[in-house]
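Here's the structure, in structure tokens; my notes come after.
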Amino acid sequence: MRPQVFRFSAVSLGILLAGLGAFDASGQGANAGRPKNIILMIADGSGANAIAATGMYTGKLGKQIFDGPNWVKSWSSTYPLRTGTKPVPGPEGLAQIAASVYDPAKNWDTTPVTTTTAGPFPDHFAGYAWTKRMEPDSANTMSAIVNGHKSYNGAVNVDGNGNKLPTFAEREARAGKSVGVVTTVQISDATPAAGSGAHSVSRASRTEITSEMLNAGIVSVIMGTGNPDYDNDGARRPMPDYRWIGESDWTALKSGTHASRFKLIQDRAEFEALPKAANPPRKLIGIAHSFDSTQIDRAGAMPATETPNSVPRKTDVPSLRTMVLGALNILDKNPNGLFLVVEGGAVDRAEHADNMGRLIEEKMEYDDTVAAVSAYLDANTDGNNWSNTLVIVTADHDHLLLGPDSDTVPYQDLVDKGAGHVPGYKWQNNSHSTQLVPIYARGPGANGIAACAKRRDAYTDPQGRKFGRGAYLDETEIFAVMTGTGCP
């Protein structure tokens with residue numbers, strides 16, 4: 001079969017973005033207004049083709065909950081203030097580096113090149129080279145979403161000078177709402193760290209970030225991994241590993257004497273009891289019996305050709321769905337409302353490993369969690385429903401995953417081989433790209449996504465081939481949507 005030439009997006013926009021025009025671009029329609037609750041769901045690194053690959057394998061391409069007619073759909077840019085990894089003093093440190101700003105002409109440039117930007121991956125096309133060179137980081141991209149400002153790679157809720165920025169989590173906590181963060185990776189990794197309202201000039205300051213999460217009085221629920229006492233297969237370590245939680249914090253949590261008054265749970269059964277608990281604890285930290293992640297780092301062959309679930313999944317850790325429903329059962333007891341950050345963090349880990357099988361596994365778990373949140377709201381659980389809750393489903397950044405002949409066919413689509421079969425694909429990088437990512441929203445204020453999507457991604461190359469994703473906003477404007485302040 002002749003490879004399909006890319007037409008307008010890496011996935012048919014008729015599938016991925018169907019229905020965008022049906023929404024009121026003014027943002028003043030039925031969904032306008034400040035929501036009581038916001039649930040921000042991040043599939044780390046999950047760009048258009050991560051969604052496509054999972055949809056092709058499951059047979060649900062274009063049929064997921066977030067593909068439905070009640071959801072606003074658009075795209076988001078994710079570029080950094082600069083690609084450096086340290087704060088810079090003075091006005092220079094706050095200045096946007098023009099070369100980093102998303103530019104359709106640079107991103108979709110099909111000029112053949114013979115360079116290699118990084119690692120073992122030749123660039124092939126000028127656009128591939130540019131999007132790899134300008135890659136953002138999970139710390140500054142998630143920070144941009146929750147504080148509305150660009151910063152350098154590795155920055156956690158600080159500006160280009162390294163000064164702390166106010167965050168959405170802090171804003172909601174001051175308003176009397178309950179805040180939680182749930183992830184499938186370490187609790188103080190970049191995305192949950194930023195989402196919790198923590199601050200650091202470097203995402204590498206892991207134990208300090210965890211300590212802030214525990215002691216700042218912002219979050220009520222923290223769930224994920226980074227357990228000092230267990231390895232990635234749930235075996236007890238002979239000596240604890242305190243890379244993610246400091247020894248003093250961990251000792252106090254286990255003894256029930258931590259000044260923050262967080263209750264610690266670790267066993268899967270304890271997690272599974274939470275969603276239906278009649279009187280759940282007001283403050284809870286759940287650290288599963290695993291270190292780097294719940295599932296992706298489990299033992300077993302991890303070749304590039306691995307099919308999903310060919311290595312049995314661990315049975316001693318909770319699913320993302322279980323953790324999220326448990327978190328909601330705690331947070332929704334607050335009559336003032338809640339802000340919950342949910343991360344499918346290991347989608348990104350699979351992509352860094354160039355492992356399609358485990359990417360699909362992790363994205364399937366994330367999609368199942370989105371469906372569970374939707375069902376929770378459909379059921380008007382504890383009075384929470386689509387009239388008072390805004391759900392945003394997106395990614396913090398993309399990876400350069402393309403079709404099998406994308407060395408010679410620029411931006412080629414994945415090749416759908418049918419449900420139950422891994423699609424045809426090729427990795428063009430083992431790190432991030434600055435490609436646009438899809439964003440979906442439903443609930444009060446969701447139309448703000450369409451209202452903020454004032455830029456247009458479109459490019460025609462010298463051969464007359466058309467590329468682009470259409471209307472898009474920047475991820476800093478997601479903050480504006482959540483706060484209800486609107487876009488300029």
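Within each chain, counting starts at residue 1; across the structure tokens, chains are named A, B, ... in the order shown, with ligands numbered 1 upward in that order.
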
Near region 236-252 of chain A, within 7 Å and counting only C-alpha atoms, which residues show up once chain neighbours fewer than 6 positions away are dropped, as an NGL selection string? :A and (188 or 206-207 or 210 or 226 or 228-230 or 258)

Need to verify the contact set: Ala216 (chain A), 9 Å, only C-alpha atoms, exclusion of same-chain residues closer than 5 positions in sequence. Can you return it as a ChimeraX atom specification? /A:197-198,211,260

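Closest to Val72 (chain A) among A:Asn215, A:Asn447, A:Asn49, A:Thr460 is A:Asn447, based on only C-alpha atoms.
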
May I have a table of the residues of region 421-472 of chain A lying at most 10 Å from region 99-105 of chain A, giving each one's closest pair of atoms and their distance in Å to one decimal, counting only C-alpha atoms, ordered by chain and ascending residue number, as JSON lines?
```
{"residue": "A:Thr434", "atom": "CA", "partner": "A:Tyr102", "partner_atom": "CA", "distance": 7.2}
{"residue": "A:Gln435", "atom": "CA", "partner": "A:Tyr102", "partner_atom": "CA", "distance": 8.1}
{"residue": "A:Leu436", "atom": "CA", "partner": "A:Tyr102", "partner_atom": "CA", "distance": 8.5}
{"residue": "A:Arg456", "atom": "CA", "partner": "A:Pro104", "partner_atom": "CA", "distance": 8.4}
{"residue": "A:Asp457", "atom": "CA", "partner": "A:Pro104", "partner_atom": "CA", "distance": 5.6}
{"residue": "A:Ala458", "atom": "CA", "partner": "A:Pro104", "partner_atom": "CA", "distance": 6.2}
{"residue": "A:Tyr459", "atom": "CA", "partner": "A:Ala105", "partner_atom": "CA", "distance": 5.9}
{"residue": "A:Thr460", "atom": "CA", "partner": "A:Ala105", "partner_atom": "CA", "distance": 8.3}
{"residue": "A:Asp461", "atom": "CA", "partner": "A:Ala105", "partner_atom": "CA", "distance": 8.5}
{"residue": "A:Phe467", "atom": "CA", "partner": "A:Pro104", "partner_atom": "CA", "distance": 8.6}
{"residue": "A:Gly468", "atom": "CA", "partner": "A:Pro104", "partner_atom": "CA", "distance": 7.2}
{"residue": "A:Arg469", "atom": "CA", "partner": "A:Pro104", "partner_atom": "CA", "distance": 9.4}
```

All strand (DSSP E) positions in region 179-215 of chain A, as an mmCIF file with N, CA and C atoms, in the first residue's frame:
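Output below, filename states22.cif:
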```
data_model
loop_
_atom_site.group_PDB
_atom_site.id
_atom_site.type_symbol
_atom_site.label_atom_id
_atom_site.label_comp_id
_atom_site.auth_asym_id
_atom_site.auth_seq_id
_atom_site.Cartn_x
_atom_site.Cartn_y
_atom_site.Cartn_z
ATOM 1 N N VAL A 179 -7.344 20.549 47.207
ATOM 2 C CA VAL A 179 -6.438 20.334 46.079
ATOM 3 C C VAL A 179 -5.795 18.964 46.186
ATOM 4 N N GLY A 180 -5.689 18.268 45.058
ATOM 5 C CA GLY A 180 -5.037 16.967 45.052
ATOM 6 C C GLY A 180 -4.231 16.740 43.794
ATOM 7 N N VAL A 181 -3.230 15.865 43.885
ATOM 8 C CA VAL A 181 -2.433 15.458 42.727
ATOM 9 C C VAL A 181 -2.290 13.936 42.742
ATOM 10 N N VAL A 182 -2.512 13.326 41.581
ATOM 11 C CA VAL A 182 -2.425 11.874 41.430
ATOM 12 C C VAL A 182 -1.610 11.574 40.187
ATOM 13 N N THR A 183 -0.660 10.645 40.285
ATOM 14 C CA THR A 183 0.192 10.322 39.144
ATOM 15 C C THR A 183 0.548 8.845 39.157
ATOM 16 N N THR A 184 0.983 8.340 38.008
ATOM 17 C CA THR A 184 1.475 6.963 37.920
ATOM 18 C C THR A 184 2.982 6.900 38.085
ATOM 19 N N VAL A 185 3.630 8.048 38.314
ATOM 20 C CA VAL A 185 5.077 8.073 38.534
ATOM 21 C C VAL A 185 5.356 8.711 39.900
ATOM 22 N N GLN A 186 6.577 9.146 40.119
ATOM 23 C CA GLN A 186 6.969 9.649 41.433
ATOM 24 C C GLN A 186 6.180 10.914 41.784
#
```

Close residues, Gln266 (chain A) itself excluded, 10 Å, only C-alpha atoms, min 6 positions apart in chain, as an MDAnalysis selection string: chainID A and resid 223:225 227 254 285:290 316:318

So what do you get for CA of Lys106 (chain A) versus CA of Thr131 (chain A), distance-wise? 8.0 Å

Near-region 371-381 of chain A list (10 Å; only C-alpha atoms; drop same-chain fewer than 6 positions) as a PDB file with all heavy atoms, in the first residue's frame:
```pdb
ATOM      1  N   ILE A  39     -10.920  19.559  37.114  1.00  0.00           N
ATOM      2  CA  ILE A  39     -10.107  18.345  37.050  1.00  0.00           C
ATOM      3  C   ILE A  39      -9.221  18.470  35.811  1.00  0.00           C
ATOM      4  O   ILE A  39      -9.715  18.482  34.682  1.00  0.00           O
ATOM      5  CB  ILE A  39     -10.985  17.080  36.987  1.00  0.00           C
ATOM      6  CG1 ILE A  39     -11.915  17.027  38.204  1.00  0.00           C
ATOM      7  CG2 ILE A  39     -10.107  15.828  36.924  1.00  0.00           C
ATOM      8  CD1 ILE A  39     -12.932  15.889  38.160  1.00  0.00           C
ATOM      9  N   MET A  41      -6.395  16.888  33.577  1.00  0.00           N
ATOM     10  CA  MET A  41      -5.872  15.558  33.301  1.00  0.00           C
ATOM     11  C   MET A  41      -4.787  15.643  32.225  1.00  0.00           C
ATOM     12  O   MET A  41      -5.050  16.020  31.087  1.00  0.00           O
ATOM     13  CB  MET A  41      -7.003  14.623  32.878  1.00  0.00           C
ATOM     14  CG  MET A  41      -8.163  14.612  33.863  1.00  0.00           C
ATOM     15  SD  MET A  41      -9.412  13.338  33.538  1.00  0.00           S
ATOM     16  CE  MET A  41      -8.525  11.851  34.034  1.00  0.00           C
ATOM     17  N   GLN A  64     -13.374   7.829  21.780  1.00  0.00           N
ATOM     18  CA  GLN A  64     -13.164   7.953  23.219  1.00  0.00           C
ATOM     19  C   GLN A  64     -14.152   8.962  23.815  1.00  0.00           C
ATOM     20  O   GLN A  64     -14.782   9.737  23.097  1.00  0.00           O
ATOM     21  CB  GLN A  64     -11.727   8.409  23.499  1.00  0.00           C
ATOM     22  CG  GLN A  64     -10.665   7.379  23.150  1.00  0.00           C
ATOM     23  CD  GLN A  64     -10.587   6.242  24.172  1.00  0.00           C
ATOM     24  OE1 GLN A  64     -11.344   6.210  25.159  1.00  0.00           O
ATOM     25  NE2 GLN A  64      -9.689   5.305  23.939  1.00  0.00           N
ATOM     26  N   ILE A  65     -14.255   8.966  25.130  1.00  0.00           N
ATOM     27  CA  ILE A  65     -15.141   9.897  25.825  1.00  0.00           C
ATOM     28  C   ILE A  65     -14.890  11.324  25.366  1.00  0.00           C
ATOM     29  O   ILE A  65     -15.811  12.086  25.051  1.00  0.00           O
ATOM     30  CB  ILE A  65     -14.942   9.781  27.355  1.00  0.00           C
ATOM     31  CG1 ILE A  65     -15.417   8.420  27.876  1.00  0.00           C
ATOM     32  CG2 ILE A  65     -15.631  10.933  28.077  1.00  0.00           C
ATOM     33  CD1 ILE A  65     -16.906   8.189  27.769  1.00  0.00           C
ATOM     34  N   PHE A  66     -13.619  11.707  25.290  1.00  0.00           N
ATOM     35  CA  PHE A  66     -13.285  13.098  24.966  1.00  0.00           C
ATOM     36  C   PHE A  66     -13.468  13.430  23.489  1.00  0.00           C
ATOM     37  O   PHE A  66     -13.288  14.576  23.088  1.00  0.00           O
ATOM     38  CB  PHE A  66     -11.854  13.422  25.413  1.00  0.00           C
ATOM     39  CG  PHE A  66     -10.827  12.377  25.064  1.00  0.00           C
ATOM     40  CD1 PHE A  66     -10.279  12.301  23.799  1.00  0.00           C
ATOM     41  CD2 PHE A  66     -10.402  11.465  26.025  1.00  0.00           C
ATOM     42  CE1 PHE A  66      -9.341  11.336  23.482  1.00  0.00           C
ATOM     43  CE2 PHE A  66      -9.455  10.491  25.722  1.00  0.00           C
ATOM     44  CZ  PHE A  66      -8.917  10.427  24.441  1.00  0.00           C
ATOM     45  N   ARG A 321      -7.034   4.781  37.670  1.00  0.00           N
ATOM     46  CA  ARG A 321      -8.480   4.938  37.878  1.00  0.00           C
ATOM     47  C   ARG A 321      -8.834   4.838  39.362  1.00  0.00           C
ATOM     48  O   ARG A 321      -9.576   5.666  39.901  1.00  0.00           O
ATOM     49  CB  ARG A 321      -9.228   3.879  37.077  1.00  0.00           C
ATOM     50  CG  ARG A 321     -10.740   3.907  37.228  1.00  0.00           C
ATOM     51  CD  ARG A 321     -11.361   2.739  36.447  1.00  0.00           C
ATOM     52  NE  ARG A 321     -12.808   2.795  36.462  1.00  0.00           N
ATOM     53  CZ  ARG A 321     -13.571   2.315  37.442  1.00  0.00           C
ATOM     54  NH1 ARG A 321     -13.012   1.733  38.499  1.00  0.00           N
ATOM     55  NH2 ARG A 321     -14.891   2.397  37.365  1.00  0.00           N
ATOM     56  N   THR A 322      -8.305   3.813  40.034  1.00  0.00           N
ATOM     57  CA  THR A 322      -8.590   3.620  41.453  1.00  0.00           C
ATOM     58  C   THR A 322      -8.101   4.797  42.276  1.00  0.00           C
ATOM     59  O   THR A 322      -8.806   5.300  43.168  1.00  0.00           O
ATOM     60  CB  THR A 322      -7.923   2.316  41.947  1.00  0.00           C
ATOM     61  OG1 THR A 322      -8.556   1.203  41.312  1.00  0.00           O
ATOM     62  CG2 THR A 322      -8.045   2.174  43.453  1.00  0.00           C
ATOM     63  N   VAL A 324      -7.588   7.898  41.318  1.00  0.00           N
ATOM     64  CA  VAL A 324      -8.341   9.119  41.039  1.00  0.00           C
ATOM     65  C   VAL A 324      -9.716   9.086  41.712  1.00  0.00           C
ATOM     66  O   VAL A 324     -10.153  10.071  42.317  1.00  0.00           O
ATOM     67  CB  VAL A 324      -8.460   9.340  39.521  1.00  0.00           C
ATOM     68  CG1 VAL A 324      -9.496  10.408  39.191  1.00  0.00           C
ATOM     69  CG2 VAL A 324      -7.107   9.725  38.948  1.00  0.00           C
ATOM     70  N   LEU A 325     -10.404   7.958  41.622  1.00  0.00           N
ATOM     71  CA  LEU A 325     -11.708   7.865  42.276  1.00  0.00           C
ATOM     72  C   LEU A 325     -11.574   7.962  43.792  1.00  0.00           C
ATOM     73  O   LEU A 325     -12.429   8.543  44.467  1.00  0.00           O
ATOM     74  CB  LEU A 325     -12.414   6.573  41.865  1.00  0.00           C
ATOM     75  CG  LEU A 325     -12.847   6.501  40.400  1.00  0.00           C
ATOM     76  CD1 LEU A 325     -13.482   5.148  40.093  1.00  0.00           C
ATOM     77  CD2 LEU A 325     -13.812   7.635  40.050  1.00  0.00           C
ATOM     78  N   LEU A 328     -11.012  11.673  44.535  1.00  0.00           N
ATOM     79  CA  LEU A 328     -12.260  12.418  44.425  1.00  0.00           C
ATOM     80  C   LEU A 328     -13.159  12.201  45.639  1.00  0.00           C
ATOM     81  O   LEU A 328     -13.830  13.134  46.102  1.00  0.00           O
ATOM     82  CB  LEU A 328     -12.998  12.020  43.145  1.00  0.00           C
ATOM     83  CG  LEU A 328     -12.419  12.578  41.842  1.00  0.00           C
ATOM     84  CD1 LEU A 328     -13.070  11.921  40.635  1.00  0.00           C
ATOM     85  CD2 LEU A 328     -12.589  14.095  41.777  1.00  0.00           C
ATOM     86  N   ASN A 329     -13.154  10.992  46.193  1.00  0.00           N
ATOM     87  CA  ASN A 329     -13.999  10.711  47.352  1.00  0.00           C
ATOM     88  C   ASN A 329     -13.537  11.478  48.588  1.00  0.00           C
ATOM     89  O   ASN A 329     -14.325  11.707  49.515  1.00  0.00           O
ATOM     90  CB  ASN A 329     -14.030   9.214  47.654  1.00  0.00           C
ATOM     91  CG  ASN A 329     -15.104   8.851  48.656  1.00  0.00           C
ATOM     92  OD1 ASN A 329     -16.200   9.415  48.650  1.00  0.00           O
ATOM     93  ND2 ASN A 329     -14.792   7.908  49.537  1.00  0.00           N
ATOM     94  N   ASP A 332     -14.069  15.692  47.271  1.00  0.00           N
ATOM     95  CA  ASP A 332     -15.432  16.192  47.027  1.00  0.00           C
ATOM     96  C   ASP A 332     -16.267  16.351  48.295  1.00  0.00           C
ATOM     97  O   ASP A 332     -17.423  16.765  48.239  1.00  0.00           O
ATOM     98  CB  ASP A 332     -16.157  15.344  45.980  1.00  0.00           C
ATOM     99  CG  ASP A 332     -16.506  13.933  46.443  1.00  0.00           C
ATOM    100  OD1 ASP A 332     -16.437  13.646  47.658  1.00  0.00           O
ATOM    101  OD2 ASP A 332     -16.847  13.101  45.581  1.00  0.00           O
ATOM    102  N   GLU A 365      -4.599   3.048  30.127  1.00  0.00           N
ATOM    103  CA  GLU A 365      -4.928   3.253  31.532  1.00  0.00           C
ATOM    104  C   GLU A 365      -5.401   4.688  31.766  1.00  0.00           C
ATOM    105  O   GLU A 365      -6.361   4.926  32.514  1.00  0.00           O
ATOM    106  CB  GLU A 365      -3.720   2.943  32.415  1.00  0.00           C
ATOM    107  CG  GLU A 365      -4.012   3.096  33.893  1.00  0.00           C
ATOM    108  CD  GLU A 365      -2.860   2.681  34.788  1.00  0.00           C
ATOM    109  OE1 GLU A 365      -1.722   2.546  34.301  1.00  0.00           O
ATOM    110  OE2 GLU A 365      -3.100   2.493  35.999  1.00  0.00           O
ATOM    111  N   SER A 387     -22.427  20.444  35.190  1.00  0.00           N
ATOM    112  CA  SER A 387     -22.830  21.843  35.304  1.00  0.00           C
ATOM    113  C   SER A 387     -21.935  22.634  36.249  1.00  0.00           C
ATOM    114  O   SER A 387     -21.925  23.868  36.220  1.00  0.00           O
ATOM    115  CB  SER A 387     -24.288  21.951  35.785  1.00  0.00           C
ATOM    116  OG  SER A 387     -24.391  21.560  37.145  1.00  0.00           O
ATOM    117  N   ASN A 388     -21.184  21.928  37.110  1.00  0.00           N
ATOM    118  CA  ASN A 388     -20.327  22.645  38.062  1.00  0.00           C
ATOM    119  C   ASN A 388     -18.861  22.223  38.010  1.00  0.00           C
ATOM    120  O   ASN A 388     -18.057  22.672  38.828  1.00  0.00           O
ATOM    121  CB  ASN A 388     -20.861  22.508  39.499  1.00  0.00           C
ATOM    122  CG  ASN A 388     -20.905  21.064  39.994  1.00  0.00           C
ATOM    123  OD1 ASN A 388     -20.267  20.179  39.445  1.00  0.00           O
ATOM    124  ND2 ASN A 388     -21.683  20.836  41.053  1.00  0.00           N
ATOM    125  N   THR A 389     -18.510  21.359  37.059  1.00  0.00           N
ATOM    126  CA  THR A 389     -17.146  20.823  36.996  1.00  0.00           C
ATOM    127  C   THR A 389     -16.572  20.971  35.589  1.00  0.00           C
ATOM    128  O   THR A 389     -17.183  20.533  34.607  1.00  0.00           O
ATOM    129  CB  THR A 389     -17.124  19.336  37.398  1.00  0.00           C
ATOM    130  OG1 THR A 389     -17.698  19.194  38.699  1.00  0.00           O
ATOM    131  CG2 THR A 389     -15.704  18.793  37.398  1.00  0.00           C
ATOM    132  N   VAL A 391     -13.596  19.811  33.165  1.00  0.00           N
ATOM    133  CA  VAL A 391     -12.569  18.785  32.955  1.00  0.00           C
ATOM    134  C   VAL A 391     -11.751  19.179  31.734  1.00  0.00           C
ATOM    135  O   VAL A 391     -12.307  19.462  30.666  1.00  0.00           O
ATOM    136  CB  VAL A 391     -13.188  17.391  32.761  1.00  0.00           C
ATOM    137  CG1 VAL A 391     -12.095  16.348  32.499  1.00  0.00           C
ATOM    138  CG2 VAL A 391     -14.011  16.991  33.988  1.00  0.00           C
ATOM    139  N   ARG A 442     -14.556  20.008  28.771  1.00  0.00           N
ATOM    140  CA  ARG A 442     -16.005  19.950  28.920  1.00  0.00           C
ATOM    141  C   ARG A 442     -16.379  20.515  30.278  1.00  0.00           C
ATOM    142  O   ARG A 442     -15.693  20.279  31.271  1.00  0.00           O
ATOM    143  CB  ARG A 442     -16.511  18.508  28.796  1.00  0.00           C
ATOM    144  CG  ARG A 442     -18.029  18.406  28.899  1.00  0.00           C
ATOM    145  CD  ARG A 442     -18.523  16.973  28.774  1.00  0.00           C
ATOM    146  NE  ARG A 442     -19.963  16.917  28.981  1.00  0.00           N
ATOM    147  CZ  ARG A 442     -20.682  15.794  29.062  1.00  0.00           C
ATOM    148  NH1 ARG A 442     -20.070  14.620  28.944  1.00  0.00           N
ATOM    149  NH2 ARG A 442     -21.983  15.830  29.265  1.00  0.00           N
TER     150      ARG A 442
END
```

Dump as JSON lines the rows for residues of region 252-346 of chain A within 12 Å of region 162-170 of chain A: closest atom pair and distance in Å with one decimal, only C-alpha atoms counted, ordered by chain and rising residue number.
```
{"residue": "A:Leu338", "atom": "CA", "partner": "A:Ala169", "partner_atom": "CA", "distance": 9.7}
{"residue": "A:Phe339", "atom": "CA", "partner": "A:Ala169", "partner_atom": "CA", "distance": 7.1}
{"residue": "A:Leu340", "atom": "CA", "partner": "A:Ala169", "partner_atom": "CA", "distance": 8.9}
{"residue": "A:Val341", "atom": "CA", "partner": "A:Ala169", "partner_atom": "CA", "distance": 9.3}
```

Skip Ala95 (chain A) itself and residues of its chain fewer than 6 positions away, then list as a list in words all residues within 12 Å of it, counting only C-alpha atoms. Pro80, Leu81, Arg82, Pro87, Val88, Pro89, Val101, His149, Lys150, Ser151, Tyr152, Asp159, Gly160 and Asn161 of chain A

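Take the candidates A:Asn385, A:His399, A:Asn37, A:Pro120 and check each one against Arg349 (chain A) using only C-alpha atoms; the shortest distance goes to A:His399.
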
Residues within 6 Å of Ala453 (chain A), please, as a PyMOL selection string. Count only C-alpha atoms; anything in the same chain fewer than 3 positions from it doesn't count. chain A and resi 450+471-473

Please list as a list in words every residue within 7 Å of Thr58 (chain A), counting only C-alpha atoms and excluding residues in the same chain fewer than 2 positions away. Thr54, Gly55, Met56, Lys60, Ala419 and Gly420 of chain A

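Picture a line from CA of Gly84 (chain A) to CA of Pro112 (chain A); it runs 27.1 Å.
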
Which of region 122-324 of chain A counts as alpha helix (DSSP H) under DSSP, as number ranges by chain please? A: 126-133, 138-147, 168-174, 190-195, 206-215, 247-255, 268-273, 320-324
